[in-house]
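Structure file target24.txt (compact mmCIF, C-alpha atoms) follows.
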```
# COMPACT_ATOMS: atom_id res chain seq x y z
CA MET A 1 150.40 41.47 280.27
CA THR A 2 147.95 40.33 277.59
CA MET A 3 146.58 36.78 277.53
CA ASN A 4 144.70 34.49 275.25
CA LEU A 5 142.91 31.29 276.11
CA SER A 6 145.66 29.12 274.63
CA GLU A 7 148.09 30.45 277.25
CA ILE A 8 145.79 29.70 280.16
CA GLY A 9 145.84 26.24 281.72
CA TYR A 10 142.78 26.62 283.97
CA ARG A 11 139.08 27.31 283.60
CA ARG A 12 138.19 28.14 287.23
CA ILE A 13 140.46 29.44 289.98
CA VAL A 14 140.25 30.47 293.64
CA VAL A 15 142.42 33.38 294.78
CA LYS A 16 143.03 33.72 298.52
CA LEU A 17 144.35 37.05 299.79
CA GLY A 18 145.82 37.29 303.27
CA THR A 19 145.45 40.33 305.52
CA SER A 20 149.14 41.16 305.12
CA VAL A 21 148.67 41.31 301.33
CA LEU A 22 145.62 43.58 301.56
CA THR A 23 147.27 45.95 304.03
CA SER A 24 150.82 45.72 302.59
CA GLY A 25 151.97 45.26 306.19
CA SER A 26 150.32 48.48 307.42
CA LYS A 27 147.30 48.92 309.70
CA GLN A 28 144.88 49.81 306.91
CA LEU A 29 143.70 48.44 303.59
CA ASP A 30 146.07 49.31 300.75
CA LYS A 31 143.48 50.29 298.12
CA ALA A 32 146.17 51.00 295.51
CA HIS A 33 147.40 47.41 295.74
CA MET A 34 143.87 46.00 295.96
CA VAL A 35 142.94 47.67 292.66
CA GLU A 36 145.99 46.10 291.00
CA LEU A 37 144.89 42.66 292.23
CA ALA A 38 141.35 43.37 291.03
CA ARG A 39 142.76 44.36 287.62
CA GLN A 40 144.56 41.03 287.30
CA MET A 41 141.45 39.07 288.25
CA ALA A 42 139.29 41.14 285.88
CA ALA A 43 141.71 40.42 283.03
CA LEU A 44 141.32 36.70 283.70
CA MET A 45 137.53 36.98 283.70
CA LYS A 46 137.72 38.78 280.35
CA ALA A 47 139.92 35.95 279.02
CA GLY A 48 137.31 33.35 280.01
CA VAL A 49 138.62 32.19 283.39
CA GLU A 50 136.11 32.07 286.25
CA VAL A 51 137.46 33.63 289.47
CA VAL A 52 136.44 33.07 293.10
CA LEU A 53 137.98 35.43 295.66
CA CYS A 54 138.55 34.34 299.26
CA THR A 55 139.49 37.50 301.13
CA SER A 56 140.76 38.14 304.62
CA GLY A 57 140.89 41.61 306.15
CA ALA A 58 137.47 42.16 307.78
CA ILE A 59 138.84 42.79 311.26
CA ALA A 60 141.60 45.05 309.91
CA ALA A 61 138.99 46.97 307.90
CA GLY A 62 136.80 47.29 311.00
CA ARG A 63 139.64 48.71 313.07
CA GLU A 64 140.45 51.21 310.34
CA HIS A 65 136.82 52.31 309.90
CA LEU A 66 136.35 52.85 313.66
CA GLY A 67 139.60 54.79 314.03
CA TYR A 68 141.62 52.02 315.72
CA PRO A 69 139.69 51.84 319.01
CA LYS A 70 141.41 50.36 322.05
CA LEU A 71 139.27 47.36 322.86
CA PRO A 72 139.91 44.38 325.16
CA ASP A 73 141.03 41.33 323.21
CA THR A 74 137.81 39.35 323.57
CA VAL A 75 135.85 37.18 321.13
CA ALA A 76 132.93 39.61 321.28
CA ASN A 77 135.14 42.56 320.31
CA LYS A 78 136.68 40.62 317.44
CA GLN A 79 133.16 39.82 316.26
CA LEU A 80 132.30 43.52 316.59
CA LEU A 81 135.25 44.52 314.41
CA ALA A 82 134.41 41.79 311.89
CA ALA A 83 130.77 42.91 311.72
CA VAL A 84 131.79 46.49 310.99
CA GLY A 85 134.72 45.60 308.77
CA GLN A 86 132.98 43.01 306.62
CA SER A 87 130.68 45.62 305.11
CA GLN A 88 133.63 47.93 304.48
CA LEU A 89 135.64 45.13 302.89
CA ILE A 90 132.88 44.03 300.51
CA LEU A 91 132.17 47.69 299.64
CA ALA A 92 135.83 48.20 298.74
CA TRP A 93 135.89 45.12 296.50
CA SER A 94 132.59 46.05 294.90
CA GLN A 95 133.89 49.51 294.02
CA LEU A 96 137.21 48.20 292.71
CA PHE A 97 135.71 45.50 290.50
CA SER A 98 133.09 47.95 289.19
CA ILE A 99 135.97 49.85 287.54
CA TYR A 100 136.24 46.83 285.22
CA GLY A 101 132.49 46.39 284.78
CA LEU A 102 132.24 43.41 287.12
CA HIS A 103 129.76 42.62 289.87
CA VAL A 104 130.53 40.76 293.09
CA GLY A 105 128.45 38.56 295.37
CA GLN A 106 129.23 37.84 299.01
CA LEU A 107 129.21 34.40 300.67
CA LEU A 108 129.90 34.28 304.41
CA LEU A 109 130.55 30.73 305.58
CA THR A 110 131.28 28.83 308.77
CA ARG A 111 132.36 25.24 309.30
CA ALA A 112 128.71 24.44 310.08
CA ASP A 113 127.83 25.31 306.47
CA LEU A 114 130.38 22.75 305.30
CA HIS A 115 129.63 20.13 307.96
CA ASP A 116 126.05 19.47 306.86
CA ARG A 117 125.80 17.73 303.49
CA GLU A 118 122.70 19.67 302.40
CA ARG A 119 124.17 23.05 303.37
CA TYR A 120 127.41 22.09 301.63
CA LEU A 121 125.52 21.40 298.42
CA ASN A 122 123.51 24.63 298.81
CA ALA A 123 126.73 26.64 299.16
CA ARG A 124 128.09 24.90 296.06
CA ASP A 125 124.93 25.77 294.11
CA SER A 126 125.21 29.44 295.17
CA LEU A 127 128.83 29.60 294.02
CA ASN A 128 128.02 28.02 290.67
CA ALA A 129 125.03 30.31 290.13
CA LEU A 130 127.17 33.42 290.68
CA LEU A 131 129.89 32.16 288.35
CA ALA A 132 127.34 31.26 285.66
CA GLN A 133 126.27 34.92 285.59
CA GLY A 134 129.81 36.27 285.38
CA ILE A 135 129.72 37.50 288.98
CA ILE A 136 132.80 37.16 291.19
CA PRO A 137 131.93 35.30 294.43
CA ILE A 138 133.72 36.85 297.40
CA ILE A 139 134.07 34.42 300.31
CA ASN A 140 135.01 35.08 303.90
CA GLU A 141 134.40 33.35 307.20
CA ASN A 142 131.34 34.68 309.01
CA ASP A 143 133.45 35.96 311.91
CA ALA A 144 130.66 38.14 313.29
CA VAL A 145 128.72 35.07 314.45
CA ALA A 146 131.22 32.20 314.33
CA THR A 147 132.48 30.66 317.56
CA ASN A 148 135.47 28.38 317.98
CA GLU A 149 133.19 25.36 317.66
CA ILE A 150 131.97 26.31 314.17
CA LYS A 151 134.92 28.28 312.78
CA VAL A 152 137.04 26.95 309.96
CA GLY A 153 139.68 29.03 311.74
CA ASP A 154 141.68 30.56 308.91
CA ASN A 155 141.02 31.65 305.35
CA ASP A 156 143.75 29.39 303.93
CA ASN A 157 141.71 26.31 304.81
CA LEU A 158 138.48 28.10 303.93
CA SER A 159 139.85 28.84 300.45
CA ALA A 160 140.79 25.17 299.98
CA ARG A 161 137.24 24.19 300.88
CA ALA A 162 135.95 26.84 298.46
CA ALA A 163 138.10 25.29 295.73
CA LEU A 164 136.44 21.93 296.42
CA LEU A 165 132.99 23.51 296.59
CA CYS A 166 133.24 25.06 293.14
CA ASP A 167 135.36 22.33 291.53
CA ALA A 168 138.25 24.70 290.79
CA ASP A 169 141.38 23.77 288.84
CA LEU A 170 143.78 26.06 290.70
CA LEU A 171 144.08 27.59 294.18
CA ILE A 172 146.38 30.59 294.54
CA LEU A 173 147.37 31.42 298.13
CA LEU A 174 148.88 34.90 298.23
CA THR A 175 150.86 35.91 301.29
CA ASP A 176 153.74 38.12 302.48
CA GLN A 177 156.29 35.41 301.63
CA GLN A 178 157.61 34.39 298.20
CA GLY A 179 156.56 30.80 298.83
CA LEU A 180 157.77 27.80 300.82
CA PHE A 181 161.49 27.75 301.63
CA ASP A 182 163.84 24.93 302.62
CA ALA A 183 164.69 26.93 305.78
CA ASP A 184 163.23 29.92 307.60
CA PRO A 185 164.10 32.94 305.39
CA ARG A 186 163.57 35.28 308.35
CA SER A 187 166.58 33.82 310.18
CA ASN A 188 168.56 32.05 307.44
CA PRO A 189 169.81 34.23 304.55
CA ASP A 190 170.78 31.08 302.61
CA ALA A 191 167.21 29.74 302.57
CA LYS A 192 166.12 28.69 299.08
CA LEU A 193 162.66 28.81 297.58
CA ILE A 194 161.10 25.39 296.93
CA LYS A 195 159.65 25.85 293.46
CA GLN A 196 157.86 22.51 293.07
CA VAL A 197 156.21 20.15 295.57
CA VAL A 198 154.94 16.75 294.49
CA ASN A 199 154.47 15.16 297.92
CA ILE A 200 153.62 16.76 301.27
CA ASP A 201 155.29 14.81 304.08
CA ASP A 202 156.33 15.39 307.70
CA SER A 203 159.71 16.86 306.73
CA LEU A 204 157.97 19.47 304.59
CA ARG A 205 155.56 20.34 307.39
CA LEU A 206 158.53 21.04 309.69
CA LEU A 207 159.63 23.78 307.31
CA ALA A 208 156.35 25.69 307.72
CA GLY A 209 156.59 28.54 310.24
CA GLY A 210 154.09 30.95 311.76
CA ALA A 211 152.61 34.19 310.53
CA VAL A 212 155.13 37.03 310.14
CA SER A 213 152.99 40.13 310.28
CA GLY A 214 150.79 39.32 313.26
CA LEU A 215 147.87 40.77 311.28
CA GLY A 216 146.43 37.45 310.08
CA THR A 217 145.52 34.09 311.56
CA GLY A 218 147.28 31.86 309.05
CA GLY A 219 150.98 31.14 308.72
CA MET A 220 152.77 28.87 306.26
CA ALA A 221 151.60 25.79 308.21
CA THR A 222 147.95 26.55 307.47
CA LYS A 223 148.82 27.13 303.81
CA LEU A 224 150.43 23.72 303.69
CA GLU A 225 147.28 22.19 305.22
CA ALA A 226 145.17 24.00 302.64
CA ALA A 227 147.43 22.86 299.81
CA ASP A 228 147.15 19.25 300.99
CA ILE A 229 143.34 19.37 301.08
CA ALA A 230 143.11 20.97 297.63
CA ARG A 231 145.63 18.75 295.85
CA ARG A 232 143.91 15.58 297.12
CA ALA A 233 140.80 16.76 295.28
CA GLY A 234 142.72 17.31 292.04
CA VAL A 235 143.31 21.05 292.49
CA GLU A 236 146.75 22.50 291.75
CA VAL A 237 148.05 25.03 294.29
CA VAL A 238 150.43 27.99 294.14
CA ILE A 239 151.75 29.76 297.25
CA ALA A 240 153.33 33.07 296.30
CA SER A 241 153.88 36.68 297.30
CA GLY A 242 150.85 38.89 296.84
CA HIS A 243 153.19 41.72 295.84
CA HIS A 244 155.01 39.84 293.09
CA PRO A 245 154.33 41.65 289.78
CA GLN A 246 151.45 40.06 287.84
CA VAL A 247 151.44 37.18 290.32
CA ILE A 248 147.87 36.02 289.64
CA GLN A 249 148.20 36.08 285.88
CA LYS A 250 151.63 34.41 285.99
CA SER A 251 150.24 31.63 288.20
CA VAL A 252 147.37 31.00 285.82
CA CYS A 253 149.66 31.02 282.78
CA LYS A 254 151.93 28.49 284.58
CA GLU A 255 154.90 30.82 284.65
CA PRO A 256 157.41 30.07 287.44
CA VAL A 257 156.32 32.00 290.52
CA GLY A 258 156.25 30.97 294.19
CA THR A 259 155.83 27.31 295.15
CA HIS A 260 153.70 25.10 292.91
CA PHE A 261 151.98 22.02 294.35
CA THR A 262 151.09 19.25 291.93
CA ALA A 263 147.55 17.87 292.18
CA LEU A 264 147.09 14.16 292.78
CA GLU A 265 146.46 12.23 289.58
CA ASN A 266 143.44 10.38 290.97
CA PRO A 267 141.38 13.00 292.81
CA LEU A 268 138.81 11.99 295.39
CA GLU A 269 135.19 11.69 294.35
CA SER A 270 132.83 14.38 295.62
CA ARG A 271 131.60 12.56 298.74
CA LYS A 272 135.14 11.98 299.97
CA GLN A 273 136.02 15.59 299.15
CA TRP A 274 133.21 16.60 301.49
CA ILE A 275 134.48 14.28 304.24
CA LEU A 276 137.98 15.75 303.93
CA ALA A 277 136.97 19.37 303.55
CA GLY A 278 133.70 19.81 305.34
CA GLN A 279 133.74 18.27 308.74
CA ALA A 280 135.84 18.75 311.85
CA THR A 281 136.89 15.42 313.33
CA LYS A 282 134.92 14.58 316.47
CA GLY A 283 137.05 11.77 317.86
CA LYS A 284 139.71 9.17 317.20
CA LEU A 285 139.86 5.41 316.82
CA VAL A 286 143.14 3.71 317.71
CA LEU A 287 143.72 0.76 315.35
CA ASP A 288 145.91 -2.31 315.66
CA GLN A 289 148.53 -2.90 312.98
CA GLY A 290 146.35 -5.40 311.14
CA ALA A 291 143.57 -2.83 310.79
CA VAL A 292 146.03 -0.14 309.70
CA LEU A 293 147.31 -2.46 306.97
CA ALA A 294 143.79 -3.42 305.88
CA VAL A 295 142.69 0.21 305.61
CA THR A 296 145.80 1.67 303.99
CA GLN A 297 147.09 -1.16 301.81
CA LYS A 298 144.21 -3.53 301.11
CA GLY A 299 141.37 -1.09 300.47
CA ARG A 300 139.21 -2.54 303.25
CA SER A 301 136.58 -0.99 305.50
CA LEU A 302 137.34 -0.68 309.21
CA LEU A 303 135.86 -3.48 311.32
CA SER A 304 135.31 -3.51 315.08
CA LYS A 305 137.90 -6.26 315.58
CA GLY A 306 140.75 -3.88 314.63
CA ILE A 307 139.86 -1.12 317.12
CA ILE A 308 142.03 -0.92 320.23
CA GLN A 309 140.67 2.25 321.80
CA VAL A 310 137.91 4.86 321.31
CA LEU A 311 138.81 8.48 322.04
CA GLY A 312 136.29 11.32 322.35
CA GLU A 313 132.51 11.56 322.53
CA PHE A 314 130.62 11.52 319.25
CA ASP A 315 127.40 10.43 317.63
CA ARG A 316 126.77 8.13 314.70
CA GLY A 317 127.79 9.86 311.45
CA ALA A 318 130.66 11.83 313.03
CA THR A 319 133.95 12.21 311.16
CA LEU A 320 136.79 10.45 313.01
CA GLN A 321 140.56 10.23 312.74
CA LEU A 322 141.91 6.70 312.36
CA ILE A 323 145.27 6.48 314.12
CA ASP A 324 147.76 3.88 315.33
CA SER A 325 148.97 3.40 318.91
CA ASP A 326 151.68 6.04 318.35
CA GLY A 327 149.09 8.65 317.38
CA LYS A 328 149.93 8.73 313.66
CA GLU A 329 146.86 9.45 311.52
CA TYR A 330 146.32 7.15 308.55
CA ALA A 331 142.77 7.97 307.48
CA ARG A 332 139.59 9.73 308.43
CA GLY A 333 135.99 8.85 307.79
CA MET A 334 132.39 8.77 308.96
CA SER A 335 131.52 6.36 311.77
CA ARG A 336 128.41 4.24 311.50
CA TYR A 337 128.36 3.88 315.27
CA SER A 338 128.47 6.28 318.22
CA ALA A 339 131.35 6.42 320.70
CA LYS A 340 129.12 4.81 323.31
CA ASP A 341 128.46 1.87 320.98
CA LEU A 342 132.06 1.55 319.86
CA ILE A 343 133.35 1.27 323.43
CA LYS A 344 131.18 -1.85 323.78
CA ILE A 345 132.19 -3.51 320.51
CA ALA A 346 135.85 -2.42 320.10
CA GLY A 347 138.03 -5.50 319.57
CA GLU A 348 135.01 -7.74 319.09
CA HIS A 349 134.21 -9.78 315.99
CA SER A 350 131.59 -8.26 313.68
CA ASP A 351 129.29 -11.23 314.25
CA ASN A 352 128.94 -10.17 317.90
CA ILE A 353 127.77 -6.58 317.28
CA GLU A 354 124.03 -7.30 317.36
CA SER A 355 124.23 -9.44 320.50
CA LEU A 356 126.31 -6.78 322.30
CA LEU A 357 124.23 -3.77 321.25
CA GLY A 358 120.83 -5.27 320.53
CA TYR A 359 121.02 -3.89 316.96
CA ASP A 360 123.59 -3.26 314.26
CA TYR A 361 124.25 -0.86 311.38
CA GLY A 362 126.34 -3.34 309.44
CA ASP A 363 129.76 -4.94 309.86
CA ALA A 364 131.76 -1.84 308.83
CA ILE A 365 132.49 0.73 311.52
CA VAL A 366 133.86 3.11 308.88
CA HIS A 367 132.93 1.94 305.40
CA ARG A 368 135.47 2.26 302.61
CA ASN A 369 133.10 4.59 300.71
CA ASP A 370 133.02 6.94 303.71
CA MET A 371 136.80 6.97 304.25
CA VAL A 372 139.71 9.08 303.04
CA VAL A 373 143.13 7.41 303.37
CA LEU A 374 145.83 9.97 304.09
```

Written as structure tokens, that's how I'd like the structure from this file.
Amino acid sequence: MTMNLSEIGYRRIVVKLGTSVLTSGSKQLDKAHMVELARQMAALMKAGVEVVLCTSGAIAAGREHLGYPKLPDTVANKQLLAAVGQSQLILAWSQLFSIYGLHVGQLLLTRADLHDRERYLNARDSLNALLAQGIIPIINENDAVATNEIKVGDNDNLSARAALLCDADLLILLTDQQGLFDADPRSNPDAKLIKQVVNIDDSLRLLAGGAVSGLGTGGMATKLEAADIARRAGVEVVIASGHHPQVIQKSVCKEPVGTHFTALENPLESRKQWILAGQATKGKLVLDQGAVLAVTQKGRSLLSKGIIQVLGEFDRGATLQLIDSDGKEYARGMSRYSAKDLIKIAGEHSDNIESLLGYDYGDAIVHRNDMVVL
């Protein structure tokens, strides 16, 4: 499949490869298939498209390299396998891309790298520097040191955050399924592929099932989460089978393949992208209906008067979920007050904040500029 720039609708893409794609459902890396994927990405680079690769497979590669040892299923042993396998995985990609005269650079990230604004910007600068030199950045979670507290958790969401980091136009999530179906294709032979998604709602989320192979950590639900994050930042998303012929090139040339998610027309500015993509939520604020309406419909900041309840322990600057009394999330944003402070001023008028606390950081609990409405 030959391409020219006029056929290509994107200038920078992120390709995420799941473990089941890299192993072809076996216990070891399928190098023959990996070289075909590398060929497609190399062809795009030659055509002027910048490519970022988010790859799973470190633990699978570690098991293969060590001869499939029988180890207890502990965090430490998973970190052991990741530590061994990560070097094998990056070596494999380096060798495969070198066939096409391309160099690779490795970025190992955790949620902590995305949580801190300065580290987030540093990671973005590293990605852009690699791309500027024609080097393919290869991203994976730093599983050898990451704990549950600092893990992104799955490479679907990590790839979405990578797409925001490097300001990509397209995120391609390759898996062992053809895309998103209107029913579970594993149990319903009449299930039909959903070719286009404009809006991600609760009914669509119900269609997303778990991982099929048991080799990876992300099922269709995590891909839907990743797609939602990316499209809010103006990034188009394709979920497709990693074994579909020419799948990467077809996705980039906008040929019908898998499920295509339309990007929102008014993407979030960079600070709000960081709030959505970088930080794990630390707590929740339960809002009354007036506050929900003010936040979602009137473009207002959240004031203390509209808070019914404070859930969780968190410091000033933490990212919080803004929910109603039924638990439905409407927005998330950075709190200007700690949980301890908010418990004292929840439901109170803004004019009373200083008298109740002895100080104040302004009327807004979550300012509109620090908020993402969902």

Determine, counting only C-alpha atoms, which protein, DNA and RNA residues have an atom within 7 Å of an atom of region 323-337 of chain A; residues of the same chain fewer than 6 positions away are not included. Present the result as a PyMOL selection string. chain A and resi 275+284-288+316-317+361+365-366+370-374

Applying 12 Å and all atoms listed in the file, which residues near Ala43 (chain A) remain after dropping the ones on its own chain fewer than 2 positions away? List them as a list in words. Met1, Thr2, Met3, Asn4, Leu5, Ile8, Glu36, Leu37, Ala38, Arg39, Gln40, Met41, Met45, Lys46, Ala47, Gly48, Val49, Glu50, Val51, Phe97, Ile99, Tyr100, Gly101, Leu102, Gln246, Ile248, Gln249, Lys250 and Val252 of chain A

Among the residues A:Lys254, A:Arg231, A:Lys305, A:Lys195, the one that comes closest to Ile343 (chain A) [using only C-alpha atoms]: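 Smallest separation from Ile343 (chain A) among the options: A:Lys305.
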
Just the number, please: distance in Å from CA of Leu302 (chain A) to CA of Asp341 (chain A), one decimal.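 A separation of 15.0 Å between them.
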
Would you please work out which residue, of A:Val35, A:Leu171, A:Val310, A:Leu357, is nearest to Thr259 (chain A) when using all atoms listed in the file? A:Leu171

Counting only C-alpha atoms, which residue out of A:Leu303, A:Ala112, A:Ala42, A:Leu264 sits closest to His349 (chain A)?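 For His349 (chain A), the nearest of the candidates is A:Leu303.
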
Considering all atoms listed in the file, state which residue in the set A:Asn155, A:Ser87, A:Arg161, A:Gly25 is at the smallest distance from Leu114 (chain A).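 Counting all atoms listed in the file, the residue closest to Leu114 (chain A) is A:Arg161.
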
Non-local contacts of Lys16 (chain A) (6 Å; all atoms listed in the file; under 3 positions in same chain excluded) as a ChimeraX atom specification: /A:54-55,173-174

Can you measure CA of Leu193 (chain A) to CA of Thr222 (chain A) for me? One decimal in Å is fine.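 If I compute the distance from CA of Leu193 (chain A) to CA of Thr222 (chain A), I get 17.9 Å.
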
Selected residue of minimal separation from Cys253 (chain A) among A:Ala339, A:Ala227, A:Ile353, A:Leu170, counting only C-alpha atoms: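 Going through A:Ala339, A:Ala227, A:Ile353, A:Leu170 one by one, the smallest distance to Cys253 (chain A) is for A:Leu170.
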
Excluding same-chain residues fewer than 6 positions from Gln178 (chain A), what lies within 12 Å of it counting all atoms listed in the file, as JSON, numbers by chain? {"A": [21, 184, 185, 186, 191, 192, 193, 194, 195, 220, 238, 239, 240, 241, 242, 243, 244, 245, 247, 256, 257, 258, 259, 260]}

Spatial sel., origin (143.2, 48.1, 302.1), limit 12 Å, only C-alpha atoms, listed as a PyMOL selection string: chain A and resi 17-37+55-65+85+88-93+96

Saved selection, atoms kept: C-alpha atoms, as a short mmCIF file (atom, residue, chain, number, x, y, z; two decimals), in the coordinates of the input:
```
data_model
loop_
_atom_site.label_atom_id
_atom_site.label_comp_id
_atom_site.auth_asym_id
_atom_site.auth_seq_id
_atom_site.Cartn_x
_atom_site.Cartn_y
_atom_site.Cartn_z
CA LEU A 17 144.35 37.05 299.79
CA GLY A 18 145.82 37.29 303.27
CA THR A 19 145.45 40.33 305.52
CA SER A 20 149.14 41.16 305.12
CA VAL A 21 148.67 41.31 301.33
CA LEU A 22 145.62 43.58 301.56
CA THR A 23 147.27 45.95 304.03
CA SER A 24 150.82 45.72 302.59
CA GLY A 25 151.97 45.26 306.19
CA SER A 26 150.32 48.48 307.42
CA LYS A 27 147.30 48.92 309.70
CA GLN A 28 144.88 49.81 306.91
CA LEU A 29 143.70 48.44 303.59
CA ASP A 30 146.07 49.31 300.75
CA LYS A 31 143.48 50.29 298.12
CA ALA A 32 146.17 51.00 295.51
CA HIS A 33 147.40 47.41 295.74
CA MET A 34 143.87 46.00 295.96
CA VAL A 35 142.94 47.67 292.66
CA GLU A 36 145.99 46.10 291.00
CA LEU A 37 144.89 42.66 292.23
CA THR A 55 139.49 37.50 301.13
CA SER A 56 140.76 38.14 304.62
CA GLY A 57 140.89 41.61 306.15
CA ALA A 58 137.47 42.16 307.78
CA ILE A 59 138.84 42.79 311.26
CA ALA A 60 141.60 45.05 309.91
CA ALA A 61 138.99 46.97 307.90
CA GLY A 62 136.80 47.29 311.00
CA ARG A 63 139.64 48.71 313.07
CA GLU A 64 140.45 51.21 310.34
CA HIS A 65 136.82 52.31 309.90
CA GLY A 85 134.72 45.60 308.77
CA GLN A 88 133.63 47.93 304.48
CA LEU A 89 135.64 45.13 302.89
CA ILE A 90 132.88 44.03 300.51
CA LEU A 91 132.17 47.69 299.64
CA ALA A 92 135.83 48.20 298.74
CA TRP A 93 135.89 45.12 296.50
CA LEU A 96 137.21 48.20 292.71
#
```

Hey, can you pull every residue with an atom no more than 10 Å from (143.3, -7.6, 318.5), using only C-alpha atoms, and send it as a ChimeraX atom specification? /A:287-291,304-308,346-349

One decimal, in Å: what's the spacing between CA of Gln95 (chain A) and CA of Ala163 (chain A)?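 So the two atoms, CA of Gln95 (chain A) and CA of Ala163 (chain A), lie 24.6 Å apart.
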
When distances are computed from all atoms listed in the file, which of A:Leu356, A:Val84, A:Val292, A:Ala230 shows the smallest separation from Asp169 (chain A)? A:Ala230
